[in-house]
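Data block below; observations after.
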Number of protein chains: 2
Amino acid sequence: MYEIMKQMPTLEEDTSRPVYVQLSDHIKREIMRGELAEDAKLPSIRKLAEMLGISSTPVEWAYQQLIAEGYVYSQPRRGFRVRALMDGYGAIQLPMDNKLHHRIMPEQPQYPDTDQSAIRPIKNMAYDFHMSRNDFSLFPYAKWQQYTNRIWREEADELLFYGDPQGESGLRCEIANYLGQFRGVRCSPEQIVVGAEQHLLMTLLVQTLLKLKLGSVHSIGVERPGYRLLPGTFRHYGYQVVPIPLDEEGLDLTALERAGVKLVGVSPSHQFPMGMTMPIARRLALLDWAEREQAYIIEDDYDGEFRYHGRPIPSMQGLREDSRVIYMGGFSQVLAPALCVHYMVLPMELMCSFREMYRDVLFEQSTSRFIQRTLEVFMREGELGKHIRKMRNLYKRKHDLLVQSIRRHFGEQAEISGQNAGFHLVLRITSSQTATTLVRAAADKGVQVSSTEYLWGEAGSPKDSKKEFIIGFAGMDVAKIDMGIEALAKAWDCSRSY
Amino acid sequence: MYEIMKQMPTLEEDTSRPVYVQLSDHIKREIMRGELAEDAKLPSIRKLAEMLGISSTPVEWAYQQLIAEGYVYSQPRRGFRVRALMDGYGAIQLPMDNKLHHRIMPEQPQYPDTDQSAIRPIKNMAYDFHMSRNDFSLFPYAKWQQYTNRIWREEADELLFYGDPQGESGLRCEIANYLGQFRGVRCSPEQIVVGAEQHLLMTLLVQTLLKLKLGSVHSIGVERPGYRLLPGTFRHYGYQVVPIPLDEEGLDLTALERAGVKLVGVSPSHQFPMGMTMPIARRLALLDWAEREQAYIIEDDYDGEFRYHGRPIPSMQGLREDSRVIYMGGFSQVLAPALCVHYMVLPMELMCSFREMYRDVLFEQSTSRFIQRTLEVFMREGELGKHIRKMRNLYKRKHDLLVQSIRRHFGEQAEISGQNAGFHLVLRITSSQTATTLVRAAADKGVQVSSTEYLWGEAGSPKDSKKEFIIGFAGMDVAKIDMGIEALAKAWDCSRSY
């Protein structure tokens with residue numbers, strides 16, 4: 001037996017956890033406990049499979065998962081090795097599953113033209129690769145209506161009045177269970193705040209944080225490029241917004257240290273828009289930063305449920321007990337935006353400020369109690385888990401088709417990053433034309449895509465010939481993906497046949 | 001014919017407008033045009049009825065309506081006379097329909113105990129006079145579910161995705177029609193913003209106003225006592241909140257002038273909590289103030305649909321074309337809080353700032369599109385109008401019963417103000433005990449009432465022996481009103497038989 005495996009994993013048969021999950025969890029635990037040292041070599045796939053008396057497939061899957069989460073790296077002729085967990089921020093520069101060729105550029109003064117098509121989808125495009133379109137073909141209409149009607153029939157009198165401003169307690173219990181099971185979040189229902197809209201929840205969060213008086217100047221670090229809602233909302237509250245650059249592993253922690261902020265927003269599972277997963281070492285380092293600085297991390301887990309090869313990456317919030325993480329999620333992607341159910345999980349130590357803020361403002365619950373109750377029953381009956389599994393298969397099919405189509409039609413002319421998860425990937429081409437011109441050229445051929453430019457903030461995106469676009473696939477008709485990508489390649493003169 | 005009636009009203013027979021409404025509208029128009037001078041005497045009820053060849057009842061109703069809205073006053077032996085419209089703020093001290101014996105007191109330093117029972121109703125009280133409880137016995141369950149099911153069946157695919165952040169345009173059209181017809185509001189659908197919750201809408205409003213940069217210090221005048229959401233929200237945004245005292249006619253405009261603010265919140269139809277209606281002269285003076293100061297008025301029309309004797313008082317927003325009024329309303333009171341539909345109407349000149357703010361923040365619609373569409377159909381089919389008429393009758397019955405019961409059990413020991421409208425009235429007694437003690441004494445006998453104290457802001461309520469309580473009647477069982485008031489009178493040693 002290899003000395004680096006302190007304890008051979010005991011694989012249970014009579015369990016709902018697949019073998020590869022048991023195996024990767026076992027190795028993770030050994031790494032986290034320090035029982036597997038940096039650079040220690042793991043057995044080869046064939047070898048470990050033999051040792052365990054199982055086929056090599058689950059071992060391969062387990063290793064892929066460990067690589068995706070940043071616990072393990074693999075190099076030609078060196079095999080699978082343990083990555084350093086605490087390494088001085090961002091020092092590891094190893095090949096990753098979803099390597100991203102992204103360079104940090106000096107800030108530029110101009111504000112780029114806002115590409116409005118990126119914000120609202122243009123309707124009636126033949127090929128709509130809008131980033132957050134969902135596929136509702138498998139929406140559980142019958143179940144949803146059945147539960148809704150039952151609730152109207154049996155509980156309407158009680159439900160028509162005001163409910164708990166923090167969200168119905170039954171739904172909060174279900175969310176706590178769900179997050180524990182699906183996202184590795186550790187929380188109790190009393191830490192959960194339900195709201196109809198993300199900006200609203202963020203507003204309640206700002207008001208809660210302002211109660212704390214973190215330093216004299218309020219400032220927040222945000223990913224650059226990144227989701228615009230966070231800087232938009234905080235700036236409106238007089239916060240200074242400090243864009244923090246990304247490297248291949250996500251947020252650059254050296255730059256974060258330099259920024260001197262006490263609050264930072266990240267999307268570690270699948271960075272928006274670039275799509276990298278923050279490896280475990282950097283996650284732990286970021287948690288340490290928050291402890292040391294008495295700062296808070298806002299973890300935006302907008303599509304964490306959707307990983308197409310391997311298991312979802314567990315949330316950062318749950319990596320440590322009582323972590324200084326505010327976790328944000330919702331049901332727009334897993335079910336539908338029109339249900340208007342979002343939530344945030346506050347660290348227990350913020351609950352006092354939250355309640356104090358509530359007493360000042362006296363806001364009411366914003367998500368209809370009928371929808372909250374329906375969702376609660378839907379979750380309790382196990383329907384949400386079933387639905388997510390179905391959607392994951394459907395989206396995986398679209399994802400794989402999209403990647404193949406891009407390879408087929410763009411060949412060497414495009415790089416892809418951020419694949420294997422979520423609802424979009426990033427397509428990078430070299431062109432002397434502006435991103436806006438390229439978006440218009442695509443639209444002329446009936447293809448809706450968005451440039452990443454508007455996500456770079458006031459300083460704008462790097463001014464070079466690399467142009468990046470967000471290609472959403474979740475809402476696309478399976479039959480149209482290949483044609484859409486073909487049309488896109490033609491519109492941009494990138495076709496291989498050209 | 002009396003010389004003061006320039007033109008005899010032409011009463012139409014073939015119209016949906018009742019005779020008394022035609023008559024009061026005619027007289028209003030003459031007053032507004034200056035054709036009826038201050039103190040001009042109107043014909044007696046009997047005389048005008050004779051002149052018009054109609055019974056005296058519609059004339060009496062018309063005069064009552066003119067008195068309620070502040071166009072006319074009546075004094076023993078002087079008959080009905082025209083009130084001055086522009087009179088130097090608040091100089092008129094005439095008997096009013098809903099006269100309020102409220103004295104302005106110097107500000108006090110202590111912060112009163114927050115009476116939490118006023119904020120959230122305590123459940124399972126035998127007699128729940130909570131101020132905003134609704135009666136759902138007549139809720140149109142069948143129609144609502146029928147429309148909801150039809151919409152899920154026919155439109156779900158389209159509706160599950162994101163909608164218009166400002167609210168579905170179909171619903172906004174219906175709201176514009178409704179407000180024009182029921183509340184005299186003048187607006188187009190594009191001025192309406194729909195949201196799930198009042199605090200959220202107010203937050204969007206603050207962010208819109210901040211775009212305007214009204215003066216260097218942001219400050220807002222609020223009614224004292226008044227609804228807490230407004231000062232709570234604006235204070236969170238760094239606004240200085242200036243409490244403006246009330247007199248018998250509502251907001252004291254001299255104090256408003258002195259405050260030097262550029263923004264003020266009022267509830268002119270039925271001041272919360274005191275219940276007075278702001279007369280037309282003061283409304284016009286307040287609109288003039290806003291014009292002169294380039295300021296804005298936030299009109300909170302929380303229960304404007306519900307007047308039990310005479311017609312609803314039209315909104316202040318619609319008194320002038322392009323008034324500087326932000327009108328706030330919602331469906332919590334007319335339908336149910338759990339639908340989570342509120343709205344605000346912005347002056348057209350604020351729409352630019354609103355859109356600019358939207359581009360920064362990119363909020364999404366917060367009210368479920370399914371509920372928006374259901375409500376739209378419900379309104380278009382005339383069901384809302386029907387429902388409001390039914391509810392008005394039901395609430396009128398409860399209101400009248402409550403007033404009778406208070407007279408019966410409290411006799412001379414209580415004064416009532418703010419009656420004839422909305423969902424509550426204010427009961428005033430003289431007692432050396434604190435309001436909190438009295439609320440507890442009531443609760444011990446199973447009676448839930450709230451003190452007005454927590455609505456006075458930081459400076460607290462006047463420290464004297466007059467104690468005021470909000471008695472909500474809308475959610476009370478008709479059969480329990482009299483017993484509840486009897487129990488209350490006993491709990492406070494106010495019973496006549498005592």
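Every chain in the structure tokens has a letter given in the order shown (A, B, ...), and although residue numbers restart at 1 in each chain, ligands are simply numbered from 1 in the order shown.
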Filtered DSSP result for segment 311-385 of chain B, state alpha helix (DSSP H), as a PyMOL selection string: chain B and resi 351-361+369-380+383-385
Contact residues (chain A, partner chain B, 6 Å, only C-alpha atoms) as JSON, numbers by chain: {"A": [160, 161, 162, 196, 197, 199, 229, 232, 233, 336, 337, 338, 339, 340, 360, 361, 363, 366, 368, 369]}
Same residues, N, CA, C and O atoms, saved as a PDB file, in the first residue's frame:
```
ATOM      1  N   LEU A 160     -53.306  34.478   3.483  1.00  0.00           N
ATOM      2  CA  LEU A 160     -53.507  35.769   2.809  1.00  0.00           C
ATOM      3  C   LEU A 160     -52.927  36.941   3.592  1.00  0.00           C
ATOM      4  O   LEU A 160     -52.632  37.981   3.029  1.00  0.00           O
ATOM      5  N   PHE A 161     -52.758  36.774   4.893  1.00  0.00           N
ATOM      6  CA  PHE A 161     -52.247  37.877   5.712  1.00  0.00           C
ATOM      7  C   PHE A 161     -50.719  37.924   5.656  1.00  0.00           C
ATOM      8  O   PHE A 161     -50.094  37.120   4.991  1.00  0.00           O
ATOM      9  N   TYR A 162     -50.155  38.888   6.331  1.00  0.00           N
ATOM     10  CA  TYR A 162     -48.703  39.019   6.375  1.00  0.00           C
ATOM     11  C   TYR A 162     -48.051  37.786   6.995  1.00  0.00           C
ATOM     12  O   TYR A 162     -48.585  37.209   7.935  1.00  0.00           O
ATOM     13  N   ALA A 196     -37.783  38.338  -2.500  1.00  0.00           N
ATOM     14  CA  ALA A 196     -38.279  38.146  -3.870  1.00  0.00           C
ATOM     15  C   ALA A 196     -37.244  38.463  -4.928  1.00  0.00           C
ATOM     16  O   ALA A 196     -37.394  38.081  -6.076  1.00  0.00           O
ATOM     17  N   GLU A 197     -36.173  39.145  -4.516  1.00  0.00           N
ATOM     18  CA  GLU A 197     -35.306  39.664  -5.563  1.00  0.00           C
ATOM     19  C   GLU A 197     -33.917  39.872  -4.981  1.00  0.00           C
ATOM     20  O   GLU A 197     -33.765  40.227  -3.827  1.00  0.00           O
ATOM     21  N   HIS A 199     -31.531  42.109  -5.623  1.00  0.00           N
ATOM     22  CA  HIS A 199     -31.158  43.476  -5.248  1.00  0.00           C
ATOM     23  C   HIS A 199     -31.761  43.840  -3.894  1.00  0.00           C
ATOM     24  O   HIS A 199     -31.123  44.500  -3.072  1.00  0.00           O
ATOM     25  N   LEU A 229     -24.543  43.433 -10.327  1.00  0.00           N
ATOM     26  CA  LEU A 229     -25.504  43.803  -9.287  1.00  0.00           C
ATOM     27  C   LEU A 229     -24.808  44.223  -7.981  1.00  0.00           C
ATOM     28  O   LEU A 229     -25.215  45.159  -7.308  1.00  0.00           O
ATOM     29  N   GLY A 232     -23.107  47.681  -8.245  1.00  0.00           N
ATOM     30  CA  GLY A 232     -24.191  48.638  -8.473  1.00  0.00           C
ATOM     31  C   GLY A 232     -24.922  48.960  -7.177  1.00  0.00           C
ATOM     32  O   GLY A 232     -25.130  50.122  -6.829  1.00  0.00           O
ATOM     33  N   THR A 233     -25.278  47.925  -6.446  1.00  0.00           N
ATOM     34  CA  THR A 233     -26.036  48.128  -5.213  1.00  0.00           C
ATOM     35  C   THR A 233     -25.195  48.815  -4.144  1.00  0.00           C
ATOM     36  O   THR A 233     -25.626  49.773  -3.515  1.00  0.00           O
ATOM     37  N   ALA A 336     -37.345  28.635 -11.722  1.00  0.00           N
ATOM     38  CA  ALA A 336     -37.727  29.661 -12.695  1.00  0.00           C
ATOM     39  C   ALA A 336     -37.631  31.038 -12.058  1.00  0.00           C
ATOM     40  O   ALA A 336     -37.982  31.202 -10.887  1.00  0.00           O
ATOM     41  N   PRO A 337     -37.197  32.038 -12.817  1.00  0.00           N
ATOM     42  CA  PRO A 337     -37.111  33.401 -12.275  1.00  0.00           C
ATOM     43  C   PRO A 337     -38.457  33.932 -11.779  1.00  0.00           C
ATOM     44  O   PRO A 337     -38.509  34.645 -10.796  1.00  0.00           O
ATOM     45  N   ALA A 338     -39.534  33.552 -12.457  1.00  0.00           N
ATOM     46  CA  ALA A 338     -40.829  34.160 -12.149  1.00  0.00           C
ATOM     47  C   ALA A 338     -41.395  33.731 -10.803  1.00  0.00           C
ATOM     48  O   ALA A 338     -42.397  34.275 -10.357  1.00  0.00           O
ATOM     49  N   LEU A 339     -40.767  32.749 -10.132  1.00  0.00           N
ATOM     50  CA  LEU A 339     -41.252  32.404  -8.800  1.00  0.00           C
ATOM     51  C   LEU A 339     -40.800  33.449  -7.786  1.00  0.00           C
ATOM     52  O   LEU A 339     -41.374  33.586  -6.723  1.00  0.00           O
ATOM     53  N   CYS A 340     -39.747  34.187  -8.132  1.00  0.00           N
ATOM     54  CA  CYS A 340     -39.268  35.254  -7.251  1.00  0.00           C
ATOM     55  C   CYS A 340     -38.926  34.734  -5.853  1.00  0.00           C
ATOM     56  O   CYS A 340     -39.462  35.222  -4.855  1.00  0.00           O
ATOM     57  N   ASP A 360     -35.795  48.909  12.684  1.00  0.00           N
ATOM     58  CA  ASP A 360     -35.809  50.267  12.138  1.00  0.00           C
ATOM     59  C   ASP A 360     -36.715  50.384  10.927  1.00  0.00           C
ATOM     60  O   ASP A 360     -37.388  51.379  10.728  1.00  0.00           O
ATOM     61  N   VAL A 361     -36.639  49.372  10.066  1.00  0.00           N
ATOM     62  CA  VAL A 361     -37.227  49.529   8.734  1.00  0.00           C
ATOM     63  C   VAL A 361     -38.601  48.881   8.628  1.00  0.00           C
ATOM     64  O   VAL A 361     -39.459  49.334   7.894  1.00  0.00           O
ATOM     65  N   PHE A 363     -39.601  46.131   7.233  1.00  0.00           N
ATOM     66  CA  PHE A 363     -39.983  45.627   5.918  1.00  0.00           C
ATOM     67  C   PHE A 363     -40.882  44.402   6.079  1.00  0.00           C
ATOM     68  O   PHE A 363     -40.903  43.760   7.129  1.00  0.00           O
ATOM     69  N   SER A 366     -41.400  39.674   0.970  1.00  0.00           N
ATOM     70  CA  SER A 366     -41.634  40.091  -0.409  1.00  0.00           C
ATOM     71  C   SER A 366     -42.002  38.939  -1.343  1.00  0.00           C
ATOM     72  O   SER A 366     -42.510  39.170  -2.427  1.00  0.00           O
ATOM     73  N   SER A 368     -44.462  36.003  -2.231  1.00  0.00           N
ATOM     74  CA  SER A 368     -45.812  35.591  -1.861  1.00  0.00           C
ATOM     75  C   SER A 368     -45.777  34.326  -1.006  1.00  0.00           C
ATOM     76  O   SER A 368     -45.080  33.358  -1.315  1.00  0.00           O
ATOM     77  N   ARG A 369     -46.541  34.328   0.075  1.00  0.00           N
ATOM     78  CA  ARG A 369     -46.572  33.156   0.949  1.00  0.00           C
ATOM     79  C   ARG A 369     -47.103  31.924   0.230  1.00  0.00           C
ATOM     80  O   ARG A 369     -46.769  30.796   0.600  1.00  0.00           O
TER      81      ARG A 369
END
```
Within 9 Å of Ile416 of chain A using only C-alpha atoms, minus same-chain residues under 6 positions, as a list in words: Leu100, Val403, Ile406, Leu425, Val426, Leu427 and Arg428 of chain A
Per-residue DSSP, segment 187-420 of chain A, filtered to strand (DSSP E), as a ChimeraX atom specification: /A:192-195,219-224,240-247,250-251,263-266,296-300,325-330,342-345,414-417
Counting only C-alpha atoms, the option among B:Leu42, B:Ala281, B:Ile151, B:Val325 closest to Phe378 of chain B: B:Ile151
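Nearest to Leu138 of chain B of all the residues B:Gln166, B:Thr437, B:Ser495, B:Asn393 is B:Asn393, counting only C-alpha atoms.
Coordinates place atom CA of Val334 of chain B at a distance of 25.3 Å from atom CA of Gly70 of chain B.
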All residues 7 Å or closer to segment 466-481 of chain A, only C-alpha atoms, same chain fewer than 5 positions away omitted, as a count of residues only: 27
Minimum-distance residue to Arg355 of chain A, chosen among A:Pro245, A:Pro165, A:Gly385, A:Gly79 (using only C-alpha atoms):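 Smallest distance to Arg355 of chain A is found for A:Pro165.
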Leu179 of chain A surroundings by only C-alpha atoms, 10 Å radius, close-in-sequence under 6 positions cut, as number ranges by chain: A: 173, 185-187, 305, 314-315, 318, 329, 345
Suppose we keep all heavy atoms; can you now write the selection as a PDB file, in the first residue's frame?
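Result saved to again-v1.pdb:
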```pdb
ATOM      1  N   CYS A 173     -36.672  26.002   6.746  1.00  0.00           N
ATOM      2  CA  CYS A 173     -36.178  24.671   7.152  1.00  0.00           C
ATOM      3  C   CYS A 173     -35.787  23.861   5.922  1.00  0.00           C
ATOM      4  O   CYS A 173     -34.725  23.227   5.885  1.00  0.00           O
ATOM      5  CB  CYS A 173     -37.259  23.908   7.916  1.00  0.00           C
ATOM      6  SG  CYS A 173     -37.491  24.520   9.577  1.00  0.00           S
ATOM      7  N   VAL A 185     -23.615  23.693   2.638  1.00  0.00           N
ATOM      8  CA  VAL A 185     -23.727  24.895   3.472  1.00  0.00           C
ATOM      9  C   VAL A 185     -24.131  24.476   4.877  1.00  0.00           C
ATOM     10  O   VAL A 185     -24.996  23.624   5.045  1.00  0.00           O
ATOM     11  CB  VAL A 185     -24.783  25.870   2.878  1.00  0.00           C
ATOM     12  CG1 VAL A 185     -25.114  27.001   3.845  1.00  0.00           C
ATOM     13  CG2 VAL A 185     -24.310  26.417   1.540  1.00  0.00           C
ATOM     14  N   ARG A 186     -23.477  25.052   5.884  1.00  0.00           N
ATOM     15  CA  ARG A 186     -23.857  24.747   7.269  1.00  0.00           C
ATOM     16  C   ARG A 186     -24.660  25.910   7.834  1.00  0.00           C
ATOM     17  O   ARG A 186     -24.102  26.989   8.057  1.00  0.00           O
ATOM     18  CB  ARG A 186     -22.618  24.602   8.153  1.00  0.00           C
ATOM     19  CG  ARG A 186     -21.589  23.642   7.625  1.00  0.00           C
ATOM     20  CD  ARG A 186     -20.489  23.493   8.660  1.00  0.00           C
ATOM     21  NE  ARG A 186     -19.288  22.954   8.035  1.00  0.00           N
ATOM     22  CZ  ARG A 186     -18.249  22.501   8.723  1.00  0.00           C
ATOM     23  NH1 ARG A 186     -18.268  22.542  10.054  1.00  0.00           N
ATOM     24  NH2 ARG A 186     -17.192  22.031   8.107  1.00  0.00           N
ATOM     25  N   CYS A 187     -25.908  25.698   8.053  1.00  0.00           N
ATOM     26  CA  CYS A 187     -26.706  26.784   8.629  1.00  0.00           C
ATOM     27  C   CYS A 187     -27.966  26.243   9.262  1.00  0.00           C
ATOM     28  O   CYS A 187     -28.398  25.134   8.993  1.00  0.00           O
ATOM     29  CB  CYS A 187     -27.075  27.809   7.567  1.00  0.00           C
ATOM     30  SG  CYS A 187     -28.245  27.206   6.344  1.00  0.00           S
ATOM     31  N   GLU A 305     -25.431  24.292  -8.344  1.00  0.00           N
ATOM     32  CA  GLU A 305     -26.025  22.954  -8.461  1.00  0.00           C
ATOM     33  C   GLU A 305     -25.632  22.273  -9.771  1.00  0.00           C
ATOM     34  O   GLU A 305     -25.799  21.075  -9.927  1.00  0.00           O
ATOM     35  CB  GLU A 305     -27.555  23.039  -8.423  1.00  0.00           C
ATOM     36  CG  GLU A 305     -28.155  23.370  -7.072  1.00  0.00           C
ATOM     37  CD  GLU A 305     -28.249  24.864  -6.820  1.00  0.00           C
ATOM     38  OE1 GLU A 305     -27.706  25.655  -7.641  1.00  0.00           O
ATOM     39  OE2 GLU A 305     -28.838  25.254  -5.815  1.00  0.00           O
ATOM     40  N   PRO A 314     -18.608  21.862  -3.418  1.00  0.00           N
ATOM     41  CA  PRO A 314     -19.315  22.359  -2.228  1.00  0.00           C
ATOM     42  C   PRO A 314     -19.034  23.843  -1.994  1.00  0.00           C
ATOM     43  O   PRO A 314     -17.998  24.359  -2.392  1.00  0.00           O
ATOM     44  CB  PRO A 314     -18.721  21.526  -1.088  1.00  0.00           C
ATOM     45  CG  PRO A 314     -18.082  20.354  -1.727  1.00  0.00           C
ATOM     46  CD  PRO A 314     -17.656  20.803  -3.088  1.00  0.00           C
ATOM     47  N   SER A 315     -19.955  24.485  -1.339  1.00  0.00           N
ATOM     48  CA  SER A 315     -19.826  25.924  -1.098  1.00  0.00           C
ATOM     49  C   SER A 315     -18.628  26.229  -0.214  1.00  0.00           C
ATOM     50  O   SER A 315     -18.150  25.377   0.544  1.00  0.00           O
ATOM     51  CB  SER A 315     -21.075  26.435  -0.394  1.00  0.00           C
ATOM     52  OG  SER A 315     -21.041  26.029   0.966  1.00  0.00           O
ATOM     53  N   GLY A 318     -19.459  26.414   3.817  1.00  0.00           N
ATOM     54  CA  GLY A 318     -19.455  25.255   4.701  1.00  0.00           C
ATOM     55  C   GLY A 318     -18.085  24.653   4.960  1.00  0.00           C
ATOM     56  O   GLY A 318     -17.972  23.645   5.654  1.00  0.00           O
ATOM     57  N   GLY A 329     -28.089  32.659  -2.685  1.00  0.00           N
ATOM     58  CA  GLY A 329     -28.586  31.713  -3.691  1.00  0.00           C
ATOM     59  C   GLY A 329     -30.039  31.996  -4.019  1.00  0.00           C
ATOM     60  O   GLY A 329     -30.613  32.972  -3.536  1.00  0.00           O
ATOM     61  N   VAL A 345     -27.867  33.487   3.399  1.00  0.00           N
ATOM     62  CA  VAL A 345     -27.582  32.851   4.680  1.00  0.00           C
ATOM     63  C   VAL A 345     -26.574  33.758   5.382  1.00  0.00           C
ATOM     64  O   VAL A 345     -25.478  33.991   4.874  1.00  0.00           O
ATOM     65  CB  VAL A 345     -26.973  31.450   4.483  1.00  0.00           C
ATOM     66  CG1 VAL A 345     -26.703  30.793   5.831  1.00  0.00           C
ATOM     67  CG2 VAL A 345     -27.892  30.587   3.628  1.00  0.00           C
TER      68      VAL A 345
END
```
